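Participant: Pasting input.cif here (mmCIF, C-alpha atoms):
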```
data_query
#
loop_
_atom_site.label_atom_id
_atom_site.label_comp_id
_atom_site.auth_asym_id
_atom_site.auth_seq_id
_atom_site.Cartn_x
_atom_site.Cartn_y
_atom_site.Cartn_z
CA MET A 7 302.30 174.55 121.41
CA LEU A 8 299.63 171.96 122.29
CA VAL A 9 296.71 173.46 124.22
CA LEU A 10 293.81 171.75 125.99
CA GLY A 11 290.56 173.69 125.62
CA ILE A 12 287.63 173.45 128.07
CA GLU A 13 284.22 174.97 127.30
CA THR A 14 281.53 174.93 130.04
CA SER A 15 279.78 178.28 129.71
CA CYS A 16 276.21 177.02 129.35
CA ASP A 17 274.65 173.70 128.37
CA GLU A 18 277.39 171.98 126.36
CA THR A 19 280.64 170.46 127.59
CA GLY A 20 283.34 170.91 124.96
CA ILE A 21 286.89 169.54 125.15
CA ALA A 22 289.57 169.91 122.47
CA LEU A 23 293.29 169.69 121.78
CA TYR A 24 294.74 172.33 119.45
CA ASP A 25 298.33 172.47 118.21
CA THR A 26 299.63 175.79 116.90
CA GLU A 27 301.76 173.95 114.34
CA THR A 28 299.40 171.27 113.02
CA GLY A 29 295.94 172.59 113.93
CA LEU A 30 293.08 170.80 115.66
CA LEU A 31 294.22 167.45 117.00
CA ALA A 32 291.01 166.17 118.59
CA ASP A 33 287.72 167.42 120.02
CA ALA A 34 284.66 166.07 121.81
CA LEU A 35 281.29 167.55 122.72
CA HIS A 36 278.56 166.54 125.13
CA SER A 37 275.20 168.29 124.69
CA GLN A 38 272.71 168.72 127.52
CA ILE A 39 269.66 169.19 125.27
CA GLU A 40 267.93 166.06 126.56
CA LEU A 41 268.53 167.19 130.13
CA HIS A 42 266.85 170.59 129.64
CA VAL A 43 264.24 169.86 126.96
CA GLU A 44 261.40 169.15 129.40
CA TYR A 45 261.90 172.62 130.93
CA GLY A 46 261.94 174.43 127.58
CA GLY A 47 265.29 176.07 128.38
CA VAL A 48 268.53 175.75 130.31
CA VAL A 49 268.28 175.18 134.08
CA PRO A 50 271.57 176.61 135.46
CA GLU A 51 271.91 174.27 138.45
CA LEU A 52 271.34 171.17 136.31
CA ALA A 53 273.82 172.48 133.75
CA SER A 54 276.54 172.95 136.40
CA ARG A 55 276.01 169.50 137.89
CA ASP A 56 276.22 167.86 134.49
CA HIS A 57 279.47 169.70 133.69
CA ILE A 58 280.91 168.36 136.96
CA ARG A 59 280.03 164.81 135.95
CA LYS A 60 281.25 165.03 132.37
CA THR A 61 284.27 167.36 132.07
CA LEU A 62 287.11 165.40 133.67
CA PRO A 63 286.12 162.00 132.16
CA MET A 64 285.93 163.66 128.73
CA ILE A 65 289.41 165.15 129.17
CA ARG A 66 290.84 161.77 130.11
CA GLN A 67 289.12 160.08 127.18
CA LEU A 68 290.24 162.71 124.64
CA ILE A 69 293.87 162.54 125.78
CA ALA A 70 293.79 158.76 125.45
CA GLU A 71 292.16 158.86 122.01
CA ALA A 72 294.72 161.41 120.80
CA ASN A 73 297.46 159.00 121.87
CA ILE A 74 299.24 161.60 124.01
CA THR A 75 299.89 162.07 127.73
CA SER A 76 299.42 165.04 130.01
CA GLN A 77 303.15 165.72 129.69
CA ASP A 78 302.63 166.61 126.02
CA ILE A 79 300.24 169.46 126.88
CA ASP A 80 301.85 172.93 126.92
CA GLY A 81 298.92 175.01 128.14
CA ILE A 82 295.26 175.04 129.13
CA ALA A 83 292.48 177.35 127.98
CA TYR A 84 289.05 177.49 129.60
CA THR A 85 286.00 179.68 129.12
CA ALA A 86 286.04 182.39 131.79
CA GLY A 87 282.93 184.23 130.60
CA PRO A 88 280.42 185.37 129.73
CA GLY A 89 278.00 182.60 130.70
CA LEU A 90 276.30 180.91 133.65
CA ILE A 91 278.48 181.47 136.71
CA GLY A 92 278.14 177.94 138.07
CA ALA A 93 278.93 176.36 134.73
CA LEU A 94 281.90 178.69 134.18
CA LEU A 95 283.33 177.85 137.60
CA VAL A 96 283.40 174.14 136.75
CA GLY A 97 285.67 174.61 133.74
CA ALA A 98 287.74 177.38 135.32
CA SER A 99 288.40 175.45 138.54
CA LEU A 100 289.33 172.28 136.70
CA GLY A 101 291.46 174.13 134.16
CA ARG A 102 293.41 175.93 136.85
CA ALA A 103 293.85 172.77 138.92
CA LEU A 104 295.19 170.78 135.97
CA ALA A 105 297.51 173.63 134.98
CA MET A 106 299.05 173.70 138.44
CA ALA A 107 299.29 169.90 138.59
CA TRP A 108 300.94 169.71 135.15
CA ASN A 109 303.02 172.88 135.68
CA VAL A 110 301.77 174.60 132.52
CA PRO A 111 300.23 178.06 131.96
CA ALA A 112 296.47 178.52 131.84
CA VAL A 113 294.38 181.29 130.32
CA GLY A 114 290.74 182.26 130.71
CA VAL A 115 289.13 182.79 127.30
CA HIS A 116 286.27 185.13 126.44
CA HIS A 117 283.48 182.95 125.06
CA MET A 118 282.63 185.34 122.23
CA GLU A 119 286.29 185.71 121.25
CA GLY A 120 286.26 181.94 120.84
CA HIS A 121 283.28 182.20 118.49
CA LEU A 122 284.87 185.13 116.64
CA LEU A 123 288.03 183.12 115.95
CA ALA A 124 286.27 179.80 115.17
CA PRO A 125 286.42 180.31 111.36
CA MET A 126 290.21 180.16 111.72
CA LEU A 127 289.81 176.43 112.35
CA GLU A 128 288.97 176.02 108.67
CA ASP A 129 291.33 175.39 105.74
CA ASN A 130 290.78 178.91 104.36
CA PRO A 131 290.88 181.10 107.48
CA PRO A 132 290.19 184.83 107.44
CA GLU A 133 293.06 187.27 107.94
CA PHE A 134 292.93 190.37 110.14
CA PRO A 135 291.36 192.89 109.88
CA PHE A 136 287.66 192.05 109.37
CA VAL A 137 284.13 192.81 110.49
CA ALA A 138 282.58 190.13 112.67
CA LEU A 139 278.89 189.41 113.17
CA LEU A 140 278.53 187.52 116.45
CA VAL A 141 275.06 186.09 116.46
CA SER A 142 273.86 183.57 119.05
CA GLY A 143 271.23 182.97 121.71
CA GLY A 144 272.81 185.50 124.05
CA HIS A 145 274.56 187.96 121.74
CA THR A 146 274.02 189.88 118.52
CA GLN A 147 276.97 192.19 117.88
CA LEU A 148 278.89 193.74 115.02
CA VAL A 149 282.57 194.11 115.85
CA GLU A 150 285.50 195.65 114.00
CA VAL A 151 288.45 193.29 114.46
CA GLN A 152 291.91 194.73 113.80
CA SER A 153 294.01 192.03 115.49
CA LEU A 154 293.87 189.54 118.36
CA GLY A 155 292.17 191.35 121.23
CA ASP A 156 291.78 194.62 119.30
CA TYR A 157 288.00 194.75 119.05
CA SER A 158 285.73 197.76 118.58
CA LEU A 159 281.99 197.34 119.08
CA LEU A 160 280.07 198.76 116.12
CA GLY A 161 276.57 197.79 117.16
CA GLU A 162 274.60 195.33 119.27
CA SER A 163 271.08 194.24 120.11
CA LEU A 164 269.24 196.65 122.39
CA ASP A 165 266.99 193.86 123.67
CA ASP A 166 266.63 190.22 122.56
CA ALA A 167 269.53 188.59 120.74
CA ALA A 168 268.68 187.07 117.35
CA GLY A 169 269.08 183.51 118.62
CA GLU A 170 266.85 184.26 121.58
CA ALA A 171 264.19 185.61 119.23
CA PHE A 172 264.43 182.43 117.13
CA ASP A 173 263.96 180.30 120.25
CA LYS A 174 260.98 182.32 121.48
CA ALA A 175 259.29 182.31 118.07
CA ALA A 176 259.74 178.54 117.93
CA LYS A 177 258.15 178.17 121.36
CA MET A 178 255.16 180.22 120.21
CA LEU A 179 254.73 177.80 117.30
CA GLY A 180 254.90 174.80 119.62
CA LEU A 181 258.29 173.63 118.36
CA PRO A 182 260.67 171.71 120.64
CA TYR A 183 263.76 173.16 122.32
CA PRO A 184 266.22 174.33 121.05
CA GLY A 185 264.05 176.38 118.74
CA GLY A 186 266.43 178.00 116.27
CA PRO A 187 267.18 174.89 114.19
CA GLN A 188 263.51 173.90 114.38
CA ILE A 189 262.39 177.24 112.93
CA ALA A 190 264.90 176.88 110.08
CA LYS A 191 263.72 173.34 109.36
CA LEU A 192 260.04 174.29 109.37
CA ALA A 193 260.68 177.39 107.24
CA GLN A 194 261.86 175.14 104.40
CA GLN A 195 258.21 174.11 103.95
CA GLY A 196 256.96 177.69 104.08
CA VAL A 197 255.54 179.74 101.22
CA ALA A 198 256.95 183.20 100.55
CA GLY A 199 254.56 186.14 100.47
CA ARG A 200 251.74 184.88 102.67
CA PHE A 201 253.09 186.82 105.65
CA THR A 202 255.40 189.84 105.66
CA PHE A 203 257.28 190.60 108.86
CA PRO A 204 259.02 193.91 109.68
CA ARG A 205 262.78 194.43 109.42
CA PRO A 206 263.45 196.18 112.74
CA MET A 207 265.67 199.29 112.85
CA VAL A 208 266.91 198.99 109.25
CA ASN A 209 265.51 202.43 108.38
CA ARG A 210 267.42 204.08 111.24
CA PRO A 211 271.08 205.10 111.10
CA GLY A 212 273.59 203.08 113.03
CA LEU A 213 274.37 199.41 113.50
CA ASP A 214 272.33 198.45 116.56
CA PHE A 215 269.72 195.69 116.45
CA SER A 216 266.32 195.09 118.05
CA PHE A 217 264.43 191.82 117.82
CA SER A 218 261.78 192.22 120.53
CA GLY A 219 259.37 193.85 118.07
CA LEU A 220 259.82 190.98 115.63
CA LYS A 221 259.02 188.56 118.44
CA THR A 222 255.86 190.53 119.32
CA PHE A 223 254.81 190.66 115.66
CA THR A 224 255.16 186.88 115.51
CA LYS A 225 253.01 186.47 118.61
CA ASN A 226 250.28 188.73 117.19
CA THR A 227 250.36 186.99 113.80
CA ILE A 228 249.86 183.62 115.47
CA ALA A 229 246.99 185.03 117.57
CA ASP A 230 245.27 186.40 114.45
CA CYS A 231 245.31 183.03 112.67
CA SER A 232 241.98 181.24 112.98
CA ASN A 233 243.50 177.97 111.75
CA LEU A 234 247.07 177.38 112.86
CA ASP A 235 247.67 174.27 110.75
CA GLU A 236 251.11 172.95 109.82
CA GLN A 237 251.30 174.92 106.58
CA THR A 238 250.41 178.14 108.38
CA LYS A 239 253.11 177.43 110.96
CA ALA A 240 255.62 176.85 108.16
CA ASP A 241 254.62 180.10 106.44
CA ILE A 242 255.05 182.04 109.70
CA ALA A 243 258.42 180.39 110.30
CA PHE A 244 259.48 181.36 106.77
CA ALA A 245 258.41 184.98 107.24
CA PHE A 246 260.14 185.22 110.62
CA GLU A 247 263.40 183.73 109.35
CA ASP A 248 263.28 185.89 106.24
CA ALA A 249 262.90 189.06 108.33
CA ALA A 250 265.69 188.11 110.74
CA VAL A 251 268.10 187.16 107.94
CA SER A 252 267.28 190.30 105.95
CA THR A 253 267.88 192.50 109.01
CA LEU A 254 271.24 190.91 109.77
CA THR A 255 272.32 191.16 106.14
CA ILE A 256 271.42 194.84 105.84
CA LYS A 257 273.37 195.67 108.99
CA CYS A 258 276.41 193.67 107.85
CA LYS A 259 276.41 195.50 104.52
CA ARG A 260 276.27 198.80 106.37
CA ALA A 261 279.15 197.78 108.68
CA LEU A 262 281.39 196.81 105.76
CA LYS A 263 280.70 200.13 104.06
CA GLN A 264 281.30 202.10 107.27
CA THR A 265 284.64 200.44 108.04
CA GLY A 266 285.85 200.02 104.48
CA LEU A 267 286.85 196.42 105.23
CA LYS A 268 286.42 193.64 102.70
CA ARG A 269 286.21 190.59 104.95
CA LEU A 270 283.16 189.56 107.00
CA VAL A 271 283.19 186.80 109.63
CA ILE A 272 279.94 185.36 110.98
CA ALA A 273 280.08 183.29 114.14
CA GLY A 274 277.87 181.92 116.89
CA GLY A 275 275.00 179.45 116.80
CA VAL A 276 272.81 181.41 114.37
CA SER A 277 275.71 181.55 111.87
CA ALA A 278 274.90 177.91 111.07
CA ASN A 279 271.60 179.06 109.53
CA GLN A 280 271.78 178.20 105.83
CA ARG A 281 269.60 181.07 104.62
CA LEU A 282 271.76 183.56 106.52
CA ARG A 283 274.91 182.13 104.92
CA GLU A 284 273.40 182.28 101.45
CA ALA A 285 272.20 185.86 101.94
CA LEU A 286 275.58 187.05 103.21
CA GLU A 287 277.46 185.24 100.44
CA LYS A 288 275.27 186.95 97.86
CA MET A 289 275.64 190.37 99.50
CA THR A 290 279.42 190.18 99.94
CA ALA A 291 279.97 188.90 96.39
CA ALA A 292 277.99 191.84 95.01
CA HIS A 293 280.27 194.27 96.85
CA GLN A 294 283.61 192.55 96.13
CA CYS A 295 283.87 191.32 99.72
CA LYS A 296 284.19 187.84 101.19
CA VAL A 297 282.41 186.07 104.03
CA PHE A 298 283.94 183.45 106.33
CA TYR A 299 282.29 181.03 108.75
CA ALA A 300 283.05 177.85 110.63
CA ARG A 301 281.62 174.43 109.85
CA PRO A 302 278.23 173.93 111.62
CA GLU A 303 279.62 171.90 114.55
CA PHE A 304 281.97 174.78 115.40
CA CYS A 305 279.25 177.44 115.22
CA THR A 306 277.63 176.31 118.45
CA ASP A 307 279.57 176.16 121.74
CA ASN A 308 282.60 173.86 121.46
CA GLY A 309 286.02 173.22 122.95
CA ALA A 310 287.91 173.69 119.68
CA MET A 311 287.27 177.42 119.53
CA ILE A 312 288.38 177.85 123.15
CA ALA A 313 291.55 175.81 122.57
CA LEU A 314 292.34 177.90 119.47
CA ALA A 315 291.72 181.25 121.16
CA GLY A 316 293.74 180.17 124.20
CA ALA A 317 296.61 178.90 122.05
CA LEU A 318 296.81 182.20 120.15
CA ARG A 319 296.81 184.17 123.38
CA LEU A 320 299.41 181.98 125.10
CA LYS A 321 301.63 182.08 122.02
CA ALA A 322 301.36 185.88 122.00
CA GLY A 323 302.57 186.03 125.60
CA HIS A 324 299.28 186.37 127.48
CA VAL A 325 299.92 185.77 131.18
CA GLU A 326 297.36 185.57 134.01
CA PRO A 327 297.69 185.34 137.81
CA LEU A 328 297.09 181.99 139.54
CA GLU A 329 293.48 182.55 140.55
CA VAL A 330 290.12 181.15 139.56
CA LYS A 331 288.20 184.10 138.15
CA VAL A 332 285.11 184.06 135.96
CA ARG A 333 282.98 186.87 134.56
CA PRO A 334 279.32 186.04 133.82
CA ARG A 335 279.13 189.46 132.12
CA TRP A 336 282.18 190.52 130.16
CA PRO A 337 282.21 193.17 127.39
CA LEU A 338 284.28 191.97 124.46
CA ASP A 339 286.03 195.33 124.04
CA GLU A 340 287.58 195.02 127.52
CA LEU A 341 289.90 192.23 126.37
CA GLN A 342 293.66 192.70 126.46
CA LYS A 343 295.08 193.63 123.06
CA LEU A 344 297.91 191.39 121.91
CA ALA A 345 300.36 191.66 119.02
#
```
Can the structure from this file be put into structure tokens for me?
Facilitator:
Amino acid sequence: MLVLGIETSCDETGIALYDTETGLLADALHSQIELHVEYGGVVPELASRDHIRKTLPMIRQLIAEANITSQDIDGIAYTAGPGLIGALLVGASLGRALAMAWNVPAVGVHHMEGHLLAPMLEDNPPEFPFVALLVSGGHTQLVEVQSLGDYSLLGESLDDAAGEAFDKAAKMLGLPYPGGPQIAKLAQQGVAGRFTFPRPMVNRPGLDFSFSGLKTFTKNTIADCSNLDEQTKADIAFAFEDAAVSTLTIKCKRALKQTGLKRLVIAGGVSANQRLREALEKMTAAHQCKVFYARPEFCTDNGAMIALAGALRLKAGHVEPLEVKVRPRWPLDELQKLA
């Protein structure tokens, strides 16, 4: 089954073709970073308008580059939520229209399910069941995954998501948008030990997260510095990243112990962070577990993960009514369970 994937949930337009027999056939991504950088964050109306301009031409170009025709496509998957409602409607409307024109089924994909399954695009994919850490600008969640659609929420952030905290800390340090990669880059020049940041909620039972206090601690640390030179900024970035990575690692260790599972999947934009990967690899190896993640370009929003998730759902018999429906807010554990 060859499936066209369309991702337009926020500020990146992702298009991909995934074949259930041979794997990823082709993918393309257009980033809106330059469009939003002067505002220091995503402007929803500008994001929607740019998706309108880019999505259909990208689909046409990808089909041509893959040397196929629309008649070769067996299904369409598009991001139906969560995300910005205007951006979601662009992909959903186009996906439904093409499905009706080509007389193929279409399925709305949960954005975070796409991230959760993204490591399955790799040569050594994880098998069910596993624990998943979904960590991005909008979400920080630990999920027990038994099978496709069978997800149990173990814990989540009670306030800021980890990626959001990274972005806000970067803004405090005067770093350009998007801030997460900038913090990681600057932290490489930092010196360990000069600053020590708290590990929020690690001394409490449970698997929930909180990053607002870490953000406030960063703000106060910056305010207390009489000379905020480049080395000081790097040392603060190091301490912030170290605290965030340590917190995520401790919670993942706790989740693996609680569930008794031996496989950990990390997904979402923050999963591309190298220090987080190294920390989780070390932790899982010490406890006879294994960690899985996607290549960096498939950690951020992309069409490949949506095409994959849609293909798995369509192949499992997922059927939806012929309507354009998006959900800007959509709990992951409300998804339909499939065999």
Participant: Which stretch 155-191 of chain A residues have any atom within 8 Å of an atom of stretch 45-53 of chain A, and for each, what is the nearest pair of atoms with distance in Å to one decimal, counting only C-alpha atoms, rows sorted by chain and number, as JSON lines?
Facilitator:
```
{"residue": "A:Pro182", "atom": "CA", "partner": "A:Gly46", "partner_atom": "CA", "distance": 7.6}
{"residue": "A:Tyr183", "atom": "CA", "partner": "A:Gly46", "partner_atom": "CA", "distance": 5.7}
{"residue": "A:Pro184", "atom": "CA", "partner": "A:Gly47", "partner_atom": "CA", "distance": 7.6}
```
Participant: Within 8 Å of stretch 213-221 of chain A, counting only C-alpha atoms, which residues qualify if same-chain residues fewer than 5 places away don't, as an mmCIF file with C-alpha atoms, keeping the file's coordinate frame?
Facilitator:
```cif
data_model
loop_
_atom_site.group_PDB
_atom_site.id
_atom_site.type_symbol
_atom_site.label_atom_id
_atom_site.label_comp_id
_atom_site.auth_asym_id
_atom_site.auth_seq_id
_atom_site.Cartn_x
_atom_site.Cartn_y
_atom_site.Cartn_z
ATOM 1 C CA THR A 146 274.020 189.880 118.520
ATOM 2 C CA GLN A 147 276.970 192.190 117.880
ATOM 3 C CA LEU A 148 278.890 193.740 115.020
ATOM 4 C CA LEU A 160 280.070 198.760 116.120
ATOM 5 C CA GLY A 161 276.570 197.790 117.160
ATOM 6 C CA GLU A 162 274.600 195.330 119.270
ATOM 7 C CA SER A 163 271.080 194.240 120.110
ATOM 8 C CA LEU A 164 269.240 196.650 122.390
ATOM 9 C CA ASP A 165 266.990 193.860 123.670
ATOM 10 C CA ASP A 166 266.630 190.220 122.560
ATOM 11 C CA ALA A 167 269.530 188.590 120.740
ATOM 12 C CA ALA A 168 268.680 187.070 117.350
ATOM 13 C CA ALA A 171 264.190 185.610 119.230
ATOM 14 C CA LYS A 174 260.980 182.320 121.480
ATOM 15 C CA ALA A 175 259.290 182.310 118.070
ATOM 16 C CA PHE A 203 257.280 190.600 108.860
ATOM 17 C CA PRO A 204 259.020 193.910 109.680
ATOM 18 C CA ARG A 205 262.780 194.430 109.420
ATOM 19 C CA PRO A 206 263.450 196.180 112.740
ATOM 20 C CA MET A 207 265.670 199.290 112.850
ATOM 21 C CA PHE A 246 260.140 185.220 110.620
ATOM 22 C CA LYS A 257 273.370 195.670 108.990
ATOM 23 C CA ARG A 260 276.270 198.800 106.370
ATOM 24 C CA ALA A 261 279.150 197.780 108.680
#
```
Participant: From the set A:Ala103, A:Leu10, A:Leu262, A:Leu181, which residue has the shortest atom-to-atom contact distance to A:Ile74, counting only C-alpha atoms?
Facilitator: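 Smallest separation from A:Ile74 among the options: A:Leu10.
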Participant: Could you work out how far atom CA of A:Ala22 lies from atom CA of A:Gly114, giving the answer in Å with one decimal?
Facilitator: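 Separating atom CA of A:Gly114 from atom CA of A:Ala22 is a distance of 14.9 Å.
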Participant: Considering only C-alpha atoms, can you say which of A:Glu326, A:Asp129, A:Asp241, A:Glu119 comes closest to A:Ala273?
Facilitator: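 Looking only at the distances to A:Ala273, the closest residue turns out to be A:Glu119.
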Participant: For A:Thr202, which of A:Ile189, A:Leu282, A:Ala243, A:Leu234 is the closest residue, counting all atoms listed in the file?
Facilitator: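 Of all the options, A:Ala243 lies closest to A:Thr202.
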Participant: Can I get a file of stretch 182-201 of chain A from the given structure, N, CA, C and O atoms kept, as an mmCIF file, in the first residue's frame?
Facilitator:
```cif
data_model
loop_
_atom_site.group_PDB
_atom_site.id
_atom_site.type_symbol
_atom_site.label_atom_id
_atom_site.label_comp_id
_atom_site.auth_asym_id
_atom_site.auth_seq_id
_atom_site.Cartn_x
_atom_site.Cartn_y
_atom_site.Cartn_z
ATOM 1 N N PRO A 182 18.650 33.250 18.942
ATOM 2 C CA PRO A 182 17.608 33.332 17.909
ATOM 3 C C PRO A 182 16.627 32.173 17.967
ATOM 4 O O PRO A 182 16.912 31.115 18.532
ATOM 5 N N TYR A 183 15.468 32.374 17.368
ATOM 6 C CA TYR A 183 14.430 31.347 17.235
ATOM 7 C C TYR A 183 14.784 30.418 16.069
ATOM 8 O O TYR A 183 15.297 30.894 15.060
ATOM 9 N N PRO A 184 14.495 29.102 16.165
ATOM 10 C CA PRO A 184 14.014 28.374 17.339
ATOM 11 C C PRO A 184 15.112 28.122 18.353
ATOM 12 O O PRO A 184 16.258 27.839 17.984
ATOM 13 N N GLY A 185 14.771 28.190 19.628
ATOM 14 C CA GLY A 185 15.789 28.241 20.659
ATOM 15 C C GLY A 185 16.401 26.933 21.086
ATOM 16 O O GLY A 185 17.553 26.901 21.540
ATOM 17 N N GLY A 186 15.655 25.824 20.969
ATOM 18 C CA GLY A 186 16.172 24.543 21.462
ATOM 19 C C GLY A 186 17.519 24.155 20.888
ATOM 20 O O GLY A 186 18.476 23.893 21.640
ATOM 21 N N PRO A 187 17.660 24.119 19.566
ATOM 22 C CA PRO A 187 18.964 23.777 18.981
ATOM 23 C C PRO A 187 20.051 24.789 19.335
ATOM 24 O O PRO A 187 21.234 24.420 19.445
ATOM 25 N N GLN A 188 19.662 26.048 19.529
ATOM 26 C CA GLN A 188 20.636 27.085 19.872
ATOM 27 C C GLN A 188 21.184 26.872 21.287
ATOM 28 O O GLN A 188 22.379 27.058 21.533
ATOM 29 N N ILE A 189 20.304 26.489 22.207
ATOM 30 C CA ILE A 189 20.743 26.185 23.567
ATOM 31 C C ILE A 189 21.736 25.022 23.551
ATOM 32 O O ILE A 189 22.796 25.054 24.199
ATOM 33 N N ALA A 190 21.406 23.974 22.807
ATOM 34 C CA ALA A 190 22.272 22.792 22.737
ATOM 35 C C ALA A 190 23.637 23.150 22.149
ATOM 36 O O ALA A 190 24.677 22.673 22.623
ATOM 37 N N LYS A 191 23.628 23.992 21.126
ATOM 38 C CA LYS A 191 24.883 24.404 20.493
ATOM 39 C C LYS A 191 25.726 25.226 21.445
ATOM 40 O O LYS A 191 26.941 25.012 21.574
ATOM 41 N N LEU A 192 25.106 26.182 22.135
ATOM 42 C CA LEU A 192 25.837 27.036 23.070
ATOM 43 C C LEU A 192 26.342 26.228 24.262
ATOM 44 O O LEU A 192 27.449 26.476 24.760
ATOM 45 N N ALA A 193 25.565 25.258 24.709
ATOM 46 C CA ALA A 193 25.941 24.456 25.878
ATOM 47 C C ALA A 193 27.234 23.678 25.650
ATOM 48 O O ALA A 193 27.927 23.324 26.613
ATOM 49 N N GLN A 194 27.575 23.409 24.397
ATOM 50 C CA GLN A 194 28.807 22.691 24.094
ATOM 51 C C GLN A 194 30.038 23.464 24.542
ATOM 52 O O GLN A 194 31.095 22.872 24.788
ATOM 53 N N GLN A 195 29.896 24.791 24.658
ATOM 54 C CA GLN A 195 31.005 25.640 25.100
ATOM 55 C C GLN A 195 30.973 25.904 26.597
ATOM 56 O O GLN A 195 31.839 26.592 27.130
ATOM 57 N N GLY A 196 29.937 25.348 27.270
ATOM 58 C CA GLY A 196 29.774 25.619 28.692
ATOM 59 C C GLY A 196 30.676 24.778 29.571
ATOM 60 O O GLY A 196 31.169 23.722 29.163
ATOM 61 N N VAL A 197 30.877 25.265 30.795
ATOM 62 C CA VAL A 197 31.717 24.590 31.784
ATOM 63 C C VAL A 197 30.818 24.007 32.866
ATOM 64 O O VAL A 197 29.978 24.720 33.437
ATOM 65 N N ALA A 198 30.988 22.734 33.148
ATOM 66 C CA ALA A 198 30.181 22.077 34.172
ATOM 67 C C ALA A 198 30.568 22.563 35.562
ATOM 68 O O ALA A 198 31.741 22.819 35.839
ATOM 69 N N GLY A 199 29.570 22.723 36.431
ATOM 70 C CA GLY A 199 29.843 23.033 37.823
ATOM 71 C C GLY A 199 29.714 24.483 38.202
ATOM 72 O O GLY A 199 29.564 24.795 39.386
ATOM 73 N N ARG A 200 29.781 25.404 37.246
ATOM 74 C CA ARG A 200 29.686 26.819 37.602
ATOM 75 C C ARG A 200 28.283 27.140 38.112
ATOM 76 O O ARG A 200 28.122 27.893 39.068
ATOM 77 N N PHE A 201 27.274 26.579 37.443
ATOM 78 C CA PHE A 201 25.886 26.751 37.874
ATOM 79 C C PHE A 201 25.263 25.372 38.068
ATOM 80 O O PHE A 201 25.554 24.437 37.311
#
```
